[in-house]
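Chemist: The structure follows.
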Amino acid sequence: MLKIENLHVAYGGIQALRGVSLEVPDGKIVTLIGANGAGKSTTLRTITGLVRAQSGSIQWNGEELLGKSIDRIISSGIAMSPEGRRVFPDMTVLENLKIGAYLRKDKAGIEKDVKWVYELFPRLEERSWQLAGTLSGGEQQMLAVGRALMSRPKLMMLDEPSLGLAPLVVQDIFSIIGEINRQGVTILLIEQNANMALKIAGLAYVLETGNITLSGTGAELLANEKVKEAYLGKRKD
Amino acid sequence: MIQQRSKKGAVTAVIACAVLLAAVILLENISLLLPAGSVPNVLKPTSQLFAVLKKGAVYSLAAVSMNLLNGFTGLFSLGQAGFMLLGAYTYAILSVPVADRAAVYYLYGGSAVNFSFQDMFGTIFGTEGVGGAVSLGLGVAVAMVLAGCVAAVFAYFIGLPVLRLKSDYLAIATLGFAEIIKAVFQWQALGPVTNGANMIKNFPTFSSFNITGADGTVILRLSTFFPFLVSMICIAAICLLINSTYGRAFKAIREDETAAEAMGINLAKHKMLSFCTSAFFAGVSGAMFAMFVTNAQAKVYTTTMTYEILLIVVIGGIGSISGSVMATFLYVACSEWWLRFLDNVTVINGVQLPFLRAGFRMVVFSVVIMIVVLFFRRGIMGDKELPDLFKKRARKEGTGK
């Protein structure tokens, strides 16, 4: 279980997170929704160690993550698929996947997981020797998710997997995220597409200008008037 | 299946290298086999051909080591000549026989370093016959490895502050380092070690590897074979590094630093590894360059030299090892040999041809380079390797049937 308490993060003088507290229970899909600049990506980047926190604590199965180096955080079972996919364009699909398993040393296990990712995303297997830069947006997103899975994470964090994709492709991606979760990977999902995200979420948080303002199960928030107004596009009367 | 393919590829590569080495030996010894009068000018040991081959072998290692840094890790560094200088001086200082030191360092009343690997191995294995060959080979090899190590150690200490910089800023900082190193090595106060601005000479060179008979005549020429052998071993080592998981991490850093970091790749560690490895091989190629020009002198290792190597890397294709090697030989042959006739004043039927005079060669050469850069935007090879071309052709033939 991932437990964040009173997390403060600032970029220079600008306060991005002002005391965020949230929990990601094992085996669930947790989403974090919010407008641009609310601090969603900052939360994820702080968990992976890409950004330093001012104060607060991030406990991962009882272990403090703040102040640890990125490679140690990732080898403790947390993986991130960054915003905007960021696959390595001049490397093949297979090489991209192998980079995802960079911190692992068991060759047989890596081979097995490449097969597992190819089972989840058969499209990637067809394109195994293709350069990642030549894939379509949806395929690149699949690759980004697959690459994150290659470190065999217990918790996978996805930063806006629906960014810039056609609605049908988004549905595909979300159904695979559900499938990955059923296979035992806890998922922390960040989304602008609040409708889709809340539908598959077991637990959801609303982040506004660096504070958690609402939380509840996905269904609860879907029914919440405030959420409907702000994120789901309900007309004000 | 993938592993099988790579094994087959490795075997092919080793065979190709062996064939190339054999061809080099044959080429340089052909003049000994043919009757004296019938040797064509090109194949005579003094021919430009062998100078080009030797310099090409030396430069190809320098170019590949630069490509490892600029092409594969995406660190734009211009310190290559500085690292080559370090390698050249380390090799030279540790290889001049003690007996010759007084003559070489006469301005400073002898050398401060009264040690030579040549003498050390000479006292163990002897200096004549087979023992002499062993002590020469070992002495040169150990000095060359040390030359690489000194360059790598310097790279480590320079890398600590400098590798935090990116792109152009890194280039400027490394360029500055190369200039500083050059100035320091010419400093009078270091004269007893570096011989100041004068050249260090009298160390074993490429022609020391020719096997001579008792009367001094050459029995077997190995002076071109030796740089080829060393370059091949070093380039093979770089290839192995690039194809390992480290190489994959280097490429990931080149493509997207943030994403690479998010995959758990330690940026500082891998950049440093690439920087030091590149410096090591630049040091070795610097040692070979000193052997090629038969002296070590700081004023030779200018920024122009770095640019020459950078040009080779760009022409060959950034991120292609075989491209760098091919471009090196084309570049060296073009600048040193094929365009020579343009420098000679030529008179045909009493009319002097216009433009042909000393220096015109470089004008034409610049135009050739501009044309190459215009029509091969990504270099001769892009980021492909030589075997990739054959693979594609094989696949096309396969679909044709």
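Every chain in the structure tokens has a letter given in the order shown (A, B, ...), and although residue numbers restart at 1 in each chain, ligands are simply numbered from 1 in the order shown.
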Would you mind listing what lies within 9 Å of Leu232 in chain A as a short mmCIF file (atom, residue, chain, number, x, y, z; two decimals) with N, CA and C atoms, in the first residue's frame, with only C-alpha atoms counted and same-chain residues fewer than 6 positions away left out?

Modeler:
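So the final result, stored in result_36.cif, reads:
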```
data_model
loop_
_atom_site.label_atom_id
_atom_site.label_comp_id
_atom_site.auth_asym_id
_atom_site.auth_seq_id
_atom_site.Cartn_x
_atom_site.Cartn_y
_atom_site.Cartn_z
N ASN A 193 -9.52 12.91 -18.65
CA ASN A 193 -10.75 12.28 -19.11
C ASN A 193 -11.44 11.66 -17.89
N ALA A 194 -12.11 12.53 -17.09
CA ALA A 194 -12.62 12.12 -15.78
C ALA A 194 -13.69 11.05 -15.91
N ASN A 195 -14.49 11.12 -16.93
CA ASN A 195 -15.58 10.17 -17.12
C ASN A 195 -15.05 8.74 -17.19
N LEU A 222 -18.77 10.03 -9.56
CA LEU A 222 -19.50 10.20 -10.82
C LEU A 222 -20.85 10.83 -10.56
#
```

Chemist: As a PyMOL selection string, list the residues of range 68-221 of chain A assigned to alpha helix (DSSP H) by DSSP on the backbone atoms of this structure.

Modeler: chain A and resi 70-75+93-100+107-120+122-126+137-149+167-182+194-200+218-221

Chemist: Could you go through range 28-245 of chain B and tell me which residues DSSP, when run on the backbone, assigns to strand (DSSP E or B), listing them as a list in words?

Modeler: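 Across range 28-245 of chain B, those assigned strand (DSSP E or B) are Ile200, Ile211, Thr212, Val218, Ile219 and Leu220 of chain B.
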
Chemist: Excluding Ser175 in chain A and its own-chain neighbours fewer than 3 positions away, which residues fall within 12 Å of it when counting only C-alpha atoms? Please give them as a tab-separated table (two decimals) with C-alpha atoms, in the first residue's frame.

Modeler:
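So the final result, stored in part.tsv, reads:
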```tsv
chain	number	residue	atom	x	y	z
A	120	LEU	CA	-1.56	-8.05	-23.54
A	121	PHE	CA	-0.74	-5.99	-26.63
A	142	MET	CA	0.59	0.71	-25.52
A	161	PRO	CA	-2.78	7.48	-20.96
A	168	LEU	CA	-12.05	4.09	-29.50
A	169	VAL	CA	-8.33	3.69	-28.82
A	170	VAL	CA	-8.85	5.18	-25.35
A	171	GLN	CA	-11.45	2.50	-24.64
A	172	ASP	CA	-8.99	-0.21	-25.73
A	178	GLY	CA	-8.51	-3.12	-16.19
A	179	GLU	CA	-7.05	-6.45	-17.34
A	180	ILE	CA	-3.61	-5.61	-15.93
A	181	ASN	CA	-5.26	-4.72	-12.62
A	182	ARG	CA	-7.13	-8.06	-12.54
A	196	MET	CA	-13.52	7.17	-18.28
A	197	ALA	CA	-11.24	7.25	-15.28
A	199	LYS	CA	-15.84	4.47	-14.34
A	200	ILE	CA	-12.98	2.01	-13.82
A	201	ALA	CA	-11.70	3.45	-10.54
```

Chemist: Using only C-alpha atoms, which protein or nucleic acid residues come within 9 Å of Leu107 in chain B? Drop anything in the same chain fewer than 3 positions from it, and give the result as a PyMOL selection string.

Modeler: chain B and resi 102-104+110+191-192+195

Chemist: Distance cut-off 7 Å, counting only C-alpha atoms - which residues of chain B neighbour chain A? Return them as number ranges by chain.

Modeler: B: 248-249, 252, 255-256, 259, 262-266

Chemist: Report, in Å to a single decimal, how far apart CA of Gly283 in chain B and CA of Thr224 in chain B are.

Modeler: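 Pair CA of Thr224 in chain B / CA of Gly283 in chain B returns 19.5 Å.
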
Chemist: Val293 in chain B: which residues within 10 Å, counting only C-alpha atoms, same-chain residues fewer than 5 positions away excluded, as an mmCIF file with C-alpha atoms, in the first residue's frame?

Modeler:
```cif
data_model
loop_
_atom_site.group_PDB
_atom_site.id
_atom_site.type_symbol
_atom_site.label_atom_id
_atom_site.label_comp_id
_atom_site.auth_asym_id
_atom_site.auth_seq_id
_atom_site.Cartn_x
_atom_site.Cartn_y
_atom_site.Cartn_z
ATOM 1 C CA ALA B 51 50.351 6.469 -45.023
ATOM 2 C CA LYS B 55 46.409 7.307 -40.513
ATOM 3 C CA LYS B 201 60.820 11.266 -30.071
ATOM 4 C CA THR B 205 56.834 3.629 -33.905
ATOM 5 C CA PHE B 206 54.836 1.604 -36.403
ATOM 6 C CA MET B 288 48.933 5.465 -32.027
#
```

Chemist: Which residues, written as a ChimeraX atom specification, have at least one atom at most 12 Å from Ile14 in chain A, with only C-alpha atoms counted and residues fewer than 6 positions away on the same chain left out?

Modeler: /A:8,37,39,54,209-210

Chemist: Calculate how many Å separate CA of Val363 in chain B from CA of Val52 in chain B, rounding to one decimal.

Modeler: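 Answer for the CA of Val363 in chain B to CA of Val52 in chain B separation: 19.9 Å.
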
Chemist: Which of these residues is nearest to Tyr205 in chain A, using only C-alpha atoms: A:Ser55, A:Ala16, A:Leu32, A:Lys40?

Modeler: A:Leu32

Chemist: Fewer than 5 positions away in the same chain doesn't count, so skip those; otherwise give me all residues within 8 Å of range 63-75 of chain B, counting only C-alpha atoms, as a ChimeraX atom specification.

Modeler: /B:80,166-167,170,235,238,242,247,250-255,271,274-275,277-279,281-282,309-310,312-313,318-321,324-325,328

Chemist: Produce a file of the selected residues containing N, CA and C atoms, as a short mmCIF file (atom, residue, chain, number, x, y, z; two decimals), in the first residue's frame.

Modeler:
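File selection04.cif, as written:
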```
data_model
loop_
_atom_site.label_atom_id
_atom_site.label_comp_id
_atom_site.auth_asym_id
_atom_site.auth_seq_id
_atom_site.Cartn_x
_atom_site.Cartn_y
_atom_site.Cartn_z
N GLN B 80 38.08 15.73 -27.82
CA GLN B 80 38.78 14.55 -28.33
C GLN B 80 40.29 14.79 -28.49
N LYS B 166 24.63 20.64 -20.64
CA LYS B 166 23.99 19.97 -21.76
C LYS B 166 24.40 20.59 -23.09
N SER B 167 24.29 19.82 -24.14
CA SER B 167 24.52 20.18 -25.55
C SER B 167 25.64 21.20 -25.74
N LEU B 170 28.18 21.89 -22.95
CA LEU B 170 29.14 20.81 -22.74
C LEU B 170 30.24 20.89 -23.80
N ILE B 235 37.81 -1.16 -31.47
CA ILE B 235 36.48 -0.91 -32.02
C ILE B 235 35.56 -2.08 -31.69
N ILE B 238 34.31 -1.53 -28.30
CA ILE B 238 33.26 -0.50 -28.27
C ILE B 238 31.94 -1.09 -28.77
N ILE B 242 28.37 -1.25 -26.85
CA ILE B 242 27.15 -0.65 -27.38
C ILE B 242 26.02 -1.67 -27.46
N GLY B 247 24.89 -0.18 -23.45
CA GLY B 247 24.69 0.51 -24.71
C GLY B 247 23.25 0.93 -24.90
N PHE B 250 22.66 3.89 -22.88
CA PHE B 250 23.22 5.09 -23.51
C PHE B 250 22.23 5.64 -24.53
N LYS B 251 21.70 4.74 -25.37
CA LYS B 251 20.78 5.20 -26.42
C LYS B 251 19.54 5.81 -25.79
N ALA B 252 19.05 5.20 -24.71
CA ALA B 252 17.86 5.72 -24.05
C ALA B 252 18.12 7.14 -23.55
N ILE B 253 19.33 7.37 -23.00
CA ILE B 253 19.68 8.70 -22.51
C ILE B 253 19.70 9.69 -23.68
N ARG B 254 20.24 9.24 -24.82
CA ARG B 254 20.31 10.10 -26.00
C ARG B 254 18.90 10.51 -26.44
N GLU B 255 17.96 9.57 -26.40
CA GLU B 255 16.63 9.84 -26.96
C GLU B 255 15.79 10.68 -26.02
N LYS B 271 26.42 8.52 -18.00
CA LYS B 271 27.12 9.55 -18.78
C LYS B 271 28.61 9.49 -18.48
N SER B 274 30.24 6.52 -20.22
CA SER B 274 30.42 6.75 -21.65
C SER B 274 31.57 7.74 -21.89
N PHE B 275 31.62 8.79 -21.08
CA PHE B 275 32.66 9.81 -21.22
C PHE B 275 34.05 9.21 -21.00
N THR B 277 34.96 5.96 -21.10
CA THR B 277 35.29 4.96 -22.11
C THR B 277 35.75 5.65 -23.39
N SER B 278 35.01 6.67 -23.78
CA SER B 278 35.37 7.41 -24.99
C SER B 278 36.77 8.00 -24.84
N ALA B 279 37.05 8.58 -23.66
CA ALA B 279 38.37 9.18 -23.43
C ALA B 279 39.45 8.11 -23.46
N PHE B 281 39.58 5.31 -25.20
CA PHE B 281 39.95 4.91 -26.56
C PHE B 281 40.54 6.08 -27.33
N ALA B 282 40.12 7.30 -27.01
CA ALA B 282 40.77 8.46 -27.63
C ALA B 282 42.24 8.49 -27.21
N ILE B 309 37.81 15.13 -36.77
CA ILE B 309 37.20 13.88 -36.31
C ILE B 309 35.68 14.03 -36.26
N LEU B 310 35.23 15.20 -35.80
CA LEU B 310 33.78 15.45 -35.75
C LEU B 310 33.18 15.38 -37.15
N ILE B 312 34.32 13.69 -39.65
CA ILE B 312 34.28 12.28 -40.06
C ILE B 312 33.05 11.61 -39.47
N VAL B 313 32.78 11.87 -38.17
CA VAL B 313 31.64 11.24 -37.52
C VAL B 313 30.34 11.67 -38.20
N ILE B 318 25.93 9.84 -37.65
CA ILE B 318 25.97 9.88 -36.19
C ILE B 318 25.23 8.66 -35.65
N GLY B 319 25.93 7.83 -34.93
CA GLY B 319 25.30 6.61 -34.41
C GLY B 319 25.57 5.40 -35.27
N SER B 320 26.58 5.46 -36.14
CA SER B 320 26.93 4.28 -36.94
C SER B 320 28.43 4.05 -36.87
N ILE B 321 28.84 2.91 -36.31
CA ILE B 321 30.27 2.63 -36.17
C ILE B 321 30.90 2.34 -37.52
N SER B 324 31.41 5.49 -39.41
CA SER B 324 32.57 6.27 -38.99
C SER B 324 33.85 5.72 -39.60
N VAL B 325 33.98 4.37 -39.59
CA VAL B 325 35.21 3.76 -40.10
C VAL B 325 35.36 4.03 -41.59
N THR B 328 36.21 7.61 -42.27
CA THR B 328 37.59 7.93 -41.93
C THR B 328 38.51 7.67 -43.12
#
```

Chemist: Given the choices B:Gly131, B:Ser285, B:Phe390, B:Gly87, which gets closest to Met232 in chain B if the distance is worked out from only C-alpha atoms?

Modeler: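 Looking at the shortest contact to Met232 in chain B, the residue is B:Ser285.
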
Chemist: Just how far from CA of Ala16 in chain B is CA of Leu33 in chain B, in Å to one decimal?

Modeler: 24.4 Å
